[in-house]
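Quick look at model.txt (compact mmCIF, C-alpha atoms):
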# COMPACT_ATOMS: atom_id res chain seq x y z
CA MET A 1 67.40 126.25 179.23
CA SER A 2 69.42 123.10 179.53
CA THR A 3 69.18 119.54 178.29
CA ILE A 4 70.08 116.81 180.74
CA ILE A 5 71.49 113.60 179.30
CA PRO A 6 71.74 110.80 181.87
CA ILE A 7 74.45 108.16 181.64
CA ILE A 8 73.05 104.66 182.17
CA GLN A 9 74.09 102.39 185.03
CA THR A 10 76.67 100.34 183.13
CA VAL A 11 78.56 101.48 180.07
CA ALA A 12 80.84 98.74 178.76
CA ALA A 13 82.72 98.21 175.50
CA ASP A 14 79.99 96.00 174.07
CA LYS A 15 77.00 96.29 171.71
CA GLN A 16 74.76 97.85 174.36
CA GLY A 17 77.46 100.27 175.50
CA TYR A 18 78.28 101.46 172.00
CA GLU A 19 74.61 101.82 171.05
CA PHE A 20 74.13 103.94 174.18
CA LEU A 21 77.07 106.17 173.18
CA CYS A 22 75.61 106.53 169.67
CA ASP A 23 72.33 107.51 171.28
CA ILE A 24 74.02 110.20 173.40
CA TYR A 25 75.67 111.56 170.26
CA ASP A 26 72.29 111.82 168.54
CA LYS A 27 70.73 113.54 171.56
CA MET A 28 73.60 116.00 171.86
CA HIS A 29 73.46 116.69 168.16
CA ASP A 30 69.82 117.72 168.41
CA VAL A 31 70.55 120.39 171.05
CA GLU A 32 70.92 123.96 169.85
CA ASN A 33 71.49 127.08 171.92
CA GLU A 34 71.12 125.23 175.18
CA GLU A 35 73.46 123.97 177.84
CA ILE A 36 74.01 120.23 177.90
CA ILE A 37 74.38 118.57 181.27
CA ILE A 38 75.86 115.08 181.29
CA ASP A 39 74.49 113.40 184.35
CA PHE A 40 76.58 110.53 185.75
CA GLU A 41 74.45 110.18 188.89
CA LYS A 42 73.04 106.74 188.07
CA CYS A 43 76.21 105.44 186.46
CA LYS A 44 77.82 102.68 188.50
CA SER A 45 80.33 101.32 185.99
CA PHE A 46 82.08 102.98 183.06
CA ASP A 47 84.87 101.37 180.98
CA ALA A 48 87.86 103.71 181.17
CA ASN A 49 88.63 103.39 177.46
CA LEU A 50 85.20 104.65 176.50
CA SER A 51 86.10 108.06 177.89
CA ALA A 52 87.86 108.68 174.55
CA VAL A 53 84.48 108.27 172.84
CA LEU A 54 82.74 110.62 175.28
CA GLY A 55 85.58 113.13 174.98
CA ALA A 56 85.38 113.16 171.20
CA MET A 57 81.63 113.80 171.31
CA PHE A 58 81.86 116.52 173.97
CA ASP A 59 84.67 118.28 172.12
CA LYS A 60 82.72 118.30 168.89
CA ARG A 61 79.67 119.92 170.46
CA GLN A 62 81.83 122.42 172.38
CA ASN A 63 83.48 123.40 169.11
CA ASP A 64 79.98 123.88 167.68
CA GLY A 65 79.39 126.44 170.44
CA CYS A 66 77.49 124.34 172.99
CA LYS A 67 78.27 124.55 176.67
CA ILE A 68 78.68 121.14 178.26
CA PHE A 69 78.72 120.50 181.98
CA LEU A 70 79.54 117.22 183.64
CA GLN A 71 77.76 116.29 186.81
CA ALA A 72 80.30 114.27 188.79
CA PRO A 73 79.38 110.62 189.35
CA GLN A 74 78.09 109.48 192.72
CA SER A 75 79.74 106.11 192.27
CA PRO A 76 83.27 106.22 193.72
CA GLY A 77 84.37 103.64 191.14
CA VAL A 78 83.29 105.73 188.15
CA ARG A 79 84.71 108.88 189.77
CA ARG A 80 88.06 107.18 190.27
CA VAL A 81 88.27 105.84 186.72
CA LEU A 82 87.47 109.17 185.06
CA SER A 83 89.76 111.09 187.42
CA ARG A 84 92.72 108.82 187.15
CA ASN A 85 92.78 108.72 183.37
CA LYS A 86 92.63 112.56 183.43
CA PHE A 87 89.30 112.65 181.61
CA PHE A 88 87.70 114.96 184.17
CA ARG A 89 90.76 117.20 184.14
CA ALA A 90 90.40 117.61 180.36
CA PHE A 91 86.92 119.02 180.98
CA ASP A 92 87.92 121.23 183.91
CA LEU A 93 86.46 118.95 186.53
CA HIS A 94 89.07 118.51 189.22
CA THR A 95 89.05 115.55 191.53
CA GLU A 96 91.49 113.77 193.76
CA ASN A 97 93.04 110.32 193.42
CA GLU A 98 94.75 110.99 190.12
CA ASP A 99 97.97 109.54 188.73
CA ARG A 100 97.44 105.81 188.95
CA GLU A 101 99.82 103.82 186.89
CA VAL A 102 97.20 101.53 185.37
CA TYR A 103 95.70 104.29 183.24
CA ILE A 104 97.10 105.84 180.08
CA ASP A 105 96.00 109.46 180.10
CA TYR A 106 93.02 110.60 178.07
CA LYS A 107 94.26 113.08 175.50
CA SER A 108 93.21 114.60 172.18
CA PHE A 109 95.49 115.35 169.25
CA GLY A 110 94.96 117.59 166.24
CA VAL A 111 95.54 115.64 163.04
CA THR A 112 98.73 117.61 162.33
CA ASP A 113 99.89 117.32 165.92
CA THR A 114 102.13 114.33 165.30
CA ILE A 115 104.92 115.56 167.59
CA ALA A 116 102.52 115.65 170.55
CA PHE A 117 101.34 112.13 169.74
CA LYS A 118 104.90 110.80 169.53
CA GLN A 119 105.66 112.45 172.88
CA TYR A 120 102.49 110.93 174.36
CA VAL A 121 103.55 107.44 173.28
CA ASP A 122 107.04 108.04 174.62
CA THR A 123 105.85 109.42 177.98
CA GLU A 124 102.89 107.15 178.60
CA LEU A 125 104.17 103.85 177.20
CA ILE A 126 107.92 103.79 176.72
CA GLN A 127 109.22 105.84 179.65
CA LYS A 128 106.73 104.33 182.07
CA GLN A 129 107.92 100.90 180.97
CA ARG A 130 104.48 99.42 180.38
CA PHE A 131 105.85 96.22 178.85
CA PRO A 132 108.56 94.95 181.23
CA LYS A 133 108.09 91.29 180.23
CA CYS A 134 108.03 91.90 176.48
CA THR A 135 111.00 91.27 174.25
CA ASP A 136 112.37 94.44 172.64
CA ARG A 137 110.97 93.19 169.34
CA ALA A 138 107.48 92.72 170.81
CA LYS A 139 107.63 96.22 172.34
CA ALA A 140 108.60 97.65 168.97
CA LYS A 141 105.70 95.82 167.32
CA ILE A 142 103.24 97.23 169.87
CA ILE A 143 104.49 100.77 169.30
CA GLU A 144 104.40 100.17 165.53
CA SER A 145 100.77 99.06 165.80
CA ILE A 146 99.83 102.16 167.80
CA TYR A 147 101.45 104.45 165.24
CA GLU A 148 99.76 102.64 162.35
CA ILE A 149 96.33 103.09 164.00
CA PHE A 150 97.00 106.79 164.58
CA ALA A 151 98.21 107.27 161.00
CA ASN A 152 95.15 105.46 159.72
CA ALA A 153 92.82 107.64 161.79
CA VAL A 154 94.32 110.95 160.67
CA SER A 155 94.60 110.02 157.01
CA HIS A 156 91.23 108.38 156.45
CA GLY A 157 88.84 109.95 158.88
CA GLY A 158 88.77 113.48 157.46
CA CYS A 159 88.59 114.49 161.11
CA SER A 160 90.11 117.38 163.06
CA HIS A 161 91.21 115.40 166.12
CA VAL A 162 92.02 111.91 167.32
CA TYR A 163 91.18 111.01 170.93
CA CYS A 164 93.17 108.42 172.87
CA CYS A 165 93.28 106.77 176.24
CA GLY A 166 94.20 103.42 177.67
CA GLU A 167 94.18 101.06 180.60
CA MET A 168 96.44 98.29 181.84
CA HIS A 169 94.74 95.26 183.30
CA SER A 170 94.96 91.55 183.72
CA ARG A 171 93.11 88.90 181.69
CA ASN A 172 93.63 85.22 182.55
CA ASN A 173 96.78 86.14 184.52
CA ILE A 174 98.21 87.94 181.50
CA ASN A 175 98.97 91.65 181.72
CA THR A 176 97.27 93.53 178.94
CA LEU A 177 97.15 97.07 177.63
CA ASP A 178 93.95 98.38 176.05
CA MET A 179 94.42 101.43 173.85
CA THR A 180 91.46 103.24 172.31
CA PHE A 181 91.52 105.68 169.39
CA VAL A 182 88.45 107.66 168.37
CA ASN A 183 87.79 110.03 165.51
CA LEU A 184 84.54 111.68 164.45
CA GLY A 185 85.42 112.10 160.81
CA SER A 186 83.88 110.05 158.04
CA SER A 187 83.11 106.51 159.13
CA VAL A 188 84.94 103.60 157.53
CA VAL A 189 81.58 102.51 156.11
CA TYR A 190 81.03 105.90 154.46
CA ASN A 191 84.54 105.96 152.99
CA VAL A 192 84.34 102.41 151.64
CA ASN A 193 80.93 102.96 150.05
CA ARG A 194 81.92 106.29 148.52
CA TYR A 195 84.85 104.42 146.96
CA MET A 196 82.52 101.64 145.74
CA GLU A 197 80.04 104.14 144.29
CA GLU A 198 82.78 105.94 142.37
CA ARG A 199 83.66 102.62 140.74
CA ASN A 200 80.09 101.49 140.13
CA ARG A 201 80.47 98.60 142.52
CA PRO A 202 77.86 97.22 144.89
CA ILE A 203 77.35 99.11 148.14
CA MET A 204 78.41 97.19 151.25
CA GLU A 205 76.51 96.98 154.48
CA SER A 206 78.46 98.09 157.55
CA CYS A 207 79.83 94.72 158.72
CA MET A 208 81.17 93.89 155.27
CA ALA A 209 82.73 97.34 154.89
CA LEU A 210 84.71 96.90 158.13
CA ASP A 211 85.91 93.48 156.95
CA TRP A 212 86.94 95.06 153.63
CA ALA A 213 89.07 97.65 155.43
CA PHE A 214 91.20 94.93 157.04
CA VAL A 215 92.10 93.20 153.75
CA LYS A 216 95.72 93.74 152.72
CA GLY A 217 95.97 96.32 149.94
CA ASN A 218 92.43 97.63 150.30
CA THR A 219 92.44 101.41 150.42
CA THR A 220 89.91 104.07 149.55
CA LYS A 221 92.68 106.46 148.55
CA PRO A 222 93.93 107.00 144.99
CA VAL A 223 97.47 106.05 146.08
CA PRO A 224 98.86 102.73 147.33
CA GLY A 225 97.94 101.84 150.89
CA GLY A 226 95.89 99.37 152.88
CA LEU A 227 98.81 97.89 154.78
CA GLY A 228 98.47 99.39 158.27
CA LEU A 229 95.40 97.46 159.43
CA ASP A 230 96.73 94.24 157.91
CA ILE A 231 100.03 94.64 159.77
CA LEU A 232 98.06 95.32 162.95
CA LYS A 233 95.91 92.21 162.44
CA GLN A 234 98.91 89.98 161.75
CA PHE A 235 100.71 91.18 164.84
CA ILE A 236 97.67 90.95 167.14
CA ASP A 237 97.15 87.35 166.03
CA MET A 238 100.69 86.43 167.10
CA ASN A 239 100.54 88.59 170.22
CA ASN A 240 97.31 86.88 171.34
CA GLY A 241 95.61 90.24 171.55
CA GLN A 242 92.27 91.53 170.31
CA ILE A 243 91.01 94.27 168.00
CA GLN A 244 87.64 95.97 168.21
CA MET A 245 86.46 98.45 165.57
CA ILE A 246 83.17 100.34 165.70
CA SER A 247 82.16 102.45 162.73
CA GLY A 248 78.88 103.24 161.01
CA GLY A 249 76.40 100.52 161.92
CA ALA A 250 78.76 97.74 162.91
CA MET A 251 81.15 96.42 165.52
CA LEU A 252 83.96 94.15 164.32
CA GLU A 253 85.98 92.10 166.80
CA ILE A 254 89.11 90.21 165.71
CA GLU A 255 90.85 87.59 167.80
CA HIS A 256 93.24 84.96 166.40
CA ASN A 257 92.38 86.15 162.89
CA ASN A 258 88.70 85.33 163.39
CA HIS A 259 86.33 88.15 162.49
CA HIS A 260 83.19 88.46 164.58
CA ASN A 261 80.72 91.02 163.21
CA THR A 262 77.89 92.56 165.20
CA PRO A 263 75.39 94.89 163.52
CA LEU A 264 74.50 97.88 165.71
CA ASP A 265 71.00 99.28 166.00
CA LYS A 266 72.48 102.79 166.07
CA TRP A 267 74.95 104.59 163.81
CA PHE A 268 78.36 105.76 164.97
CA TYR A 269 79.47 108.81 162.97
CA GLY A 270 83.18 108.14 163.12
CA THR A 271 85.46 105.29 164.07
CA ILE A 272 86.53 103.74 167.35
CA VAL A 273 89.46 101.33 167.42
CA THR A 274 90.39 99.54 170.62
CA VAL A 275 93.33 97.17 170.66
CA GLU A 276 94.20 94.87 173.51
CA PHE A 277 97.91 94.07 173.55
CA ASN A 278 99.41 91.18 175.47
CA CYS A 279 102.12 92.87 177.57
CA ASP A 280 103.77 89.60 178.62
CA ASP A 281 104.75 88.77 175.07
CA ASP A 282 108.12 86.98 174.99
CA LYS A 283 108.19 86.24 171.23
CA THR A 284 111.01 87.49 169.04
CA TYR A 285 108.92 88.16 165.90
CA LEU A 286 111.13 87.11 163.07
CA LEU A 287 108.41 87.34 160.47
CA LYS A 288 108.76 85.06 157.47
CA ASP A 289 108.13 87.79 154.93
CA GLU A 290 110.57 90.24 156.44
CA VAL A 291 113.69 90.84 154.43
CA THR A 292 117.26 91.71 155.12
CA ASP A 293 118.41 92.13 151.52
CA THR A 294 118.48 95.89 151.15
CA ARG A 295 119.72 95.60 147.54
CA ASN A 296 116.32 94.48 146.36
CA LEU A 297 113.85 96.85 147.98
CA PHE A 298 112.48 98.52 144.85
CA MET B 299 123.80 112.64 143.27
CA THR B 300 121.31 113.92 145.86
CA THR B 301 121.46 112.65 149.42
CA ILE B 302 118.31 112.95 151.51
CA LEU B 303 118.77 112.58 155.23
CA ILE B 304 115.30 111.33 156.21
CA ASP B 305 115.77 112.25 159.86
CA LYS B 306 116.01 115.92 158.89
CA TYR B 307 112.39 115.88 157.67
CA VAL B 308 110.69 114.05 160.56
CA THR B 309 110.35 114.77 164.26
CA LEU B 310 111.65 112.67 167.15
CA HIS B 311 113.31 110.35 164.62
CA GLN B 312 109.97 108.86 163.58
CA GLY B 313 107.75 109.31 160.53
CA ILE B 314 104.12 108.44 161.15
CA THR B 315 101.63 110.23 158.94
CA SER B 316 101.40 110.51 155.16
CA GLU B 317 101.76 114.30 155.48
CA GLU B 318 105.20 113.81 157.01
CA GLY B 319 106.26 111.71 154.02
CA GLU B 320 105.10 114.24 151.42
CA PRO B 321 108.11 116.66 151.52
CA ILE B 322 110.55 113.78 151.06
CA TYR B 323 108.52 112.43 148.13
CA LYS B 324 108.78 115.87 146.49
CA LEU B 325 112.54 115.97 146.99
CA ILE B 326 112.93 112.52 145.43
CA ILE B 327 110.71 113.43 142.47
CA GLU B 328 112.67 116.65 141.94
CA ALA B 329 115.99 114.79 141.86
CA LEU B 330 114.66 112.01 139.62
CA SER B 331 113.23 114.54 137.19
CA LYS B 332 116.81 115.84 136.77
CA ASP B 333 117.96 112.26 136.19
CA GLU B 334 120.02 112.36 139.39
CA ASP B 335 120.72 109.36 141.58
CA VAL B 336 119.21 109.65 145.08
CA VAL B 337 120.62 108.31 148.33
CA LEU B 338 117.98 107.80 150.99
CA ASP B 339 119.93 108.00 154.23
CA PHE B 340 118.03 106.53 157.20
CA GLU B 341 120.66 107.32 159.81
CA GLY B 342 119.06 108.12 163.17
CA ILE B 343 115.61 106.90 162.14
CA LEU B 344 113.80 104.89 164.80
CA PHE B 345 110.53 104.17 163.08
CA LEU B 346 108.52 104.79 159.90
CA THR B 347 104.91 103.67 159.36
CA THR B 348 103.55 102.24 156.13
CA ALA B 349 101.32 105.34 155.85
CA PHE B 350 104.48 107.48 155.77
CA LEU B 351 106.32 105.15 153.38
CA ASN B 352 103.32 104.81 151.04
CA VAL B 353 103.65 108.50 150.25
CA MET B 354 107.42 108.83 150.47
CA ILE B 355 108.19 105.79 148.29
CA GLY B 356 105.01 103.96 147.21
CA ALA B 357 103.68 106.93 145.23
CA LEU B 358 106.89 107.01 143.14
CA TYR B 359 105.63 103.94 141.25
CA LYS B 360 102.96 106.08 139.62
CA ASP B 361 105.65 107.71 137.44
CA TYR B 362 108.61 105.33 137.62
CA THR B 363 109.08 101.62 137.06
CA SER B 364 110.64 99.24 139.53
CA GLU B 365 113.73 98.98 137.29
CA GLN B 366 114.15 102.76 137.14
CA LEU B 367 113.85 103.12 140.91
CA GLN B 368 116.17 100.17 141.50
CA GLU B 369 118.77 101.94 139.38
CA LYS B 370 118.32 105.46 140.74
CA LEU B 371 117.52 105.02 144.44
CA HIS B 372 120.21 103.99 146.90
CA ILE B 373 119.77 103.13 150.55
CA SER B 374 122.05 104.01 153.42
CA HIS B 375 122.04 103.25 157.19
CA ILE B 376 118.78 101.32 157.15
CA ASN B 377 117.72 98.87 159.84
CA GLU B 378 115.99 95.54 159.18
CA ASP B 379 112.56 96.73 160.35
CA THR B 380 112.51 99.73 158.06
CA ALA B 381 113.82 97.64 155.16
CA ALA B 382 111.06 95.09 155.72
CA ARG B 383 108.43 97.81 155.81
CA ILE B 384 109.76 99.41 152.61
CA LYS B 385 109.61 96.02 150.89
CA LYS B 386 105.96 95.61 151.91
CA VAL B 387 105.18 99.10 150.63
CA THR B 388 107.00 98.71 147.30
CA ASP B 389 105.46 95.26 146.60
CA ASN B 390 102.02 96.72 147.28
CA ALA B 391 102.68 99.83 145.17
CA LYS B 392 103.89 97.77 142.21
CA LEU B 393 100.71 95.73 142.33
CA PHE B 394 98.58 98.85 142.75
CA TYR B 395 99.98 100.68 139.73
CA SER B 396 100.79 97.75 137.45
CA ASP B 397 97.25 96.81 136.60
CA GLN B 398 94.54 98.68 138.49
CA ASP B 399 91.73 96.33 137.37
CA LYS B 400 93.65 93.22 138.35
CA PHE B 401 94.54 94.78 141.70
CA ASN B 402 90.90 95.57 142.38
CA GLU B 403 89.91 92.05 141.38
CA THR B 404 92.48 90.56 143.76
CA VAL B 405 91.29 92.59 146.73
CA ASP B 406 87.64 92.04 145.83
CA ASN B 407 88.11 88.29 145.69
CA SER B 408 89.57 88.33 149.16
CA ILE B 409 86.35 89.81 150.51
CA TYR B 410 83.62 88.54 148.17
CA GLY B 411 85.25 85.26 147.16
CA ASN B 412 85.41 84.32 143.49
CA LEU B 413 81.96 85.48 142.43
Since I need it in another form, could you write the structure as structure tokens?
Amino acid sequence: MSTIIPIIQTVAADKQGYEFLCDIYDKMHDVENEEIIIDFEKCKSFDANLSAVLGAMFDKRQNDGCKIFLQAPQSPGVRRVLSRNKFFRAFDLHTENEDREVYIDYKSFGVTDTIAFKQYVDTELIQKQRFPKCTDRAKAKIIESIYEIFANAVSHGGCSHVYCCGEMHSRNNINTLDMTFVNLGSSVVYNVNRYMEERNRPIMESCMALDWAFVKGNTTKPVPGGLGLDILKQFIDMNNGQIQMISGGAMLEIEHNNHHNTPLDKWFYGTIVTVEFNCDDDKTYLLKDEVTDTRNLF
Amino acid sequence: MTTILIDKYVTLHQGITSEEGEPIYKLIIEALSKDEDVVLDFEGILFLTTAFLNVMIGALYKDYTSEQLQEKLHISHINEDTAARIKKVTDNAKLFYSDQDKFNETVDNSIYGNL
């Protein structure tokens, strides 16, 4: 017996796209002792970065013992995207037309596999010189942001793996890099509300919980923290980039420090973070609160 | 005097996760418990995240005051970025441990407003 799960015509990084991915996760979760066939036949458009979400879900079910088969897309566009970012290769589906420079390879990392992640950043972003127009300082800030997101995912998610991929493209004549990070550990909403419950505080609905996670100093851990997402938000504001976080029942989008919350009709059991970096950033980033007096650090 | 070469305990000259910061935290605690001065030598370090520094340095404020750490910890070969990040981490840690209720109130107000 097998269960066929069709992929809809257009899967984009928006409310509809994320609700569809949540729906797939639910359907896959219900399957036991059967093969799962993911059918791309009707899919005409699939955002490259969302392959990290699919990959995370497929991996989880495979680790649960399910066999998953991908039916290659008919659409040449979808086939190209998922070949070139090495998503198909990760699931033993070999196609041609790989190795295009606009894609940052799809890859998964165990939470203790920090060396592999550092090498991935070095190979995919630094060595390939993805930010030729950026100042050295802006490049460093982009890499810093990527490491902070990874660190946040492995330390808060309670997950086994973090899934990444990316794509370079152009928005309003500005070169941008979209990087997506997915984990299927505890959602931000779950973590925040567990923390609230332990302190007899009011439970937050999903949108509010995501906002809470971006406030400087807010952490659900019993040790100091809550700086990584704030640093990311500050930098993205100056870089003219965007942040998108999906977790639990909400999607939060941040641009120029404005938070736009969208409740989802489905639940995402984990966290997706996509950051769009402006790769033509010529700022020098001398932040006002940065210090040079090393005699007064403690 | 104990000198800890940070680069020896991380890979590819970068510290990213809190787990990577844990062994250095233990070394610092061990030296401080013997009342030794500690030199944190950042030679060769390219990058450290706040997640790493929260464990390596921020957690020290649970058992030591700012004055004690200022007296006992010494910094060597640090670049401006790492210094700035350490300052963010230590300011946050001081607030976190100084008065837990006040800290919670501050972060709550930023999300709920002054209810």
Tell me which residues come within 9 Å of (85.2, 102.4, 151.2), as an MDAnalysis selection string, counting all atoms listed in the file in the file's coordinates.
chainID A and resid 188:197 204 209:210 212:213 218:221
Give me a file of those residues, with C-alpha atoms, as a PDB file, keeping the file's coordinate frame.
ATOM      1  CA  VAL A 188      84.940 103.600 157.530  1.00  0.00           C
ATOM      2  CA  VAL A 189      81.580 102.510 156.110  1.00  0.00           C
ATOM      3  CA  TYR A 190      81.030 105.900 154.460  1.00  0.00           C
ATOM      4  CA  ASN A 191      84.540 105.960 152.990  1.00  0.00           C
ATOM      5  CA  VAL A 192      84.340 102.410 151.640  1.00  0.00           C
ATOM      6  CA  ASN A 193      80.930 102.960 150.050  1.00  0.00           C
ATOM      7  CA  ARG A 194      81.920 106.290 148.520  1.00  0.00           C
ATOM      8  CA  TYR A 195      84.850 104.420 146.960  1.00  0.00           C
ATOM      9  CA  MET A 196      82.520 101.640 145.740  1.00  0.00           C
ATOM     10  CA  GLU A 197      80.040 104.140 144.290  1.00  0.00           C
ATOM     11  CA  MET A 204      78.410  97.190 151.250  1.00  0.00           C
ATOM     12  CA  ALA A 209      82.730  97.340 154.890  1.00  0.00           C
ATOM     13  CA  LEU A 210      84.710  96.900 158.130  1.00  0.00           C
ATOM     14  CA  TRP A 212      86.940  95.060 153.630  1.00  0.00           C
ATOM     15  CA  ALA A 213      89.070  97.650 155.430  1.00  0.00           C
ATOM     16  CA  ASN A 218      92.430  97.630 150.300  1.00  0.00           C
ATOM     17  CA  THR A 219      92.440 101.410 150.420  1.00  0.00           C
ATOM     18  CA  THR A 220      89.910 104.070 149.550  1.00  0.00           C
ATOM     19  CA  LYS A 221      92.680 106.460 148.550  1.00  0.00           C
TER      20      LYS A 221
END
From A:Val162, A:Val275, A:Val154, A:Leu177, residue lying nearest chain B [only C-alpha atoms]:
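Of the candidates, the smallest distance to chain B is held by A:Val154.
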Pairwise distance for atom CA of Pro321 of chain B and atom CA of Glu341 of chain B, rounded to one decimal in Å
17.7 Å
Please, what distance in Å, to one decimal, runs between atom CA of Ile243 of chain A and atom CA of His259 of chain A?
9.5 Å
Would you kindly report the residues of chain B within 8 Å of chain A, using only C-alpha atoms, as a PyMOL selection string?
chain B and resi 309-310+314-316+345+347-349+352-353+356-357+364-365+367-368+373+378-379+381-385+387-391+394-395+405+408-409
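For the choices B:Glu320, B:Thr363, B:Lys370, B:Leu303, the atom-to-atom distance to Val336 of chain B is smallest for B:Lys370 when using only C-alpha atoms.
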Record the distance separating atom CA of Phe235 of chain A and atom CA of Lys139 of chain A, expressed in Å with one decimal.
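These two atoms are separated by 11.4 Å.
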For Thr300 of chain B, the nearest of the candidates B:Asp361, B:Glu369, B:Glu328, B:Glu317, counting all atoms listed in the file:
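Smallest separation from Thr300 of chain B among the options: B:Glu328.
Closest approach to Gly342 of chain B from the set B:Lys392, B:Ile376, B:Met299, B:Lys386 is made by B:Ile376, with distances taken over all atoms listed in the file.
Residue neighbourhood of segment 50-57 of chain A, excluding near-sequence residues (fewer than 3 positions): Ala12, Ala13, Leu21, Tyr25, Phe46, Asp47, Lys60, Arg61, Leu82, Phe87, Tyr106, Lys107, Val162, Tyr163, Cys164, Cys165, Thr180, Phe181, Val182, Asn183, Leu184 and Ile272 of chain A, at 8 Å, using all atoms listed in the file.
Restricting the calculation to all atoms listed in the file, the smallest distance between Asn377 of chain B and any of B:Ile327, B:Leu344, B:Asp305, B:Gly319 is found for B:Leu344.
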Do you know which residues are at most 7 Å from Lys266 of chain A counting all atoms listed in the file, after dropping those on the same chain fewer than 2 positions away, and could you put them as a list in words?
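Listed by chain and then number, they are Glu19, Cys22, Gly249, Leu264 and Phe268 of chain A.
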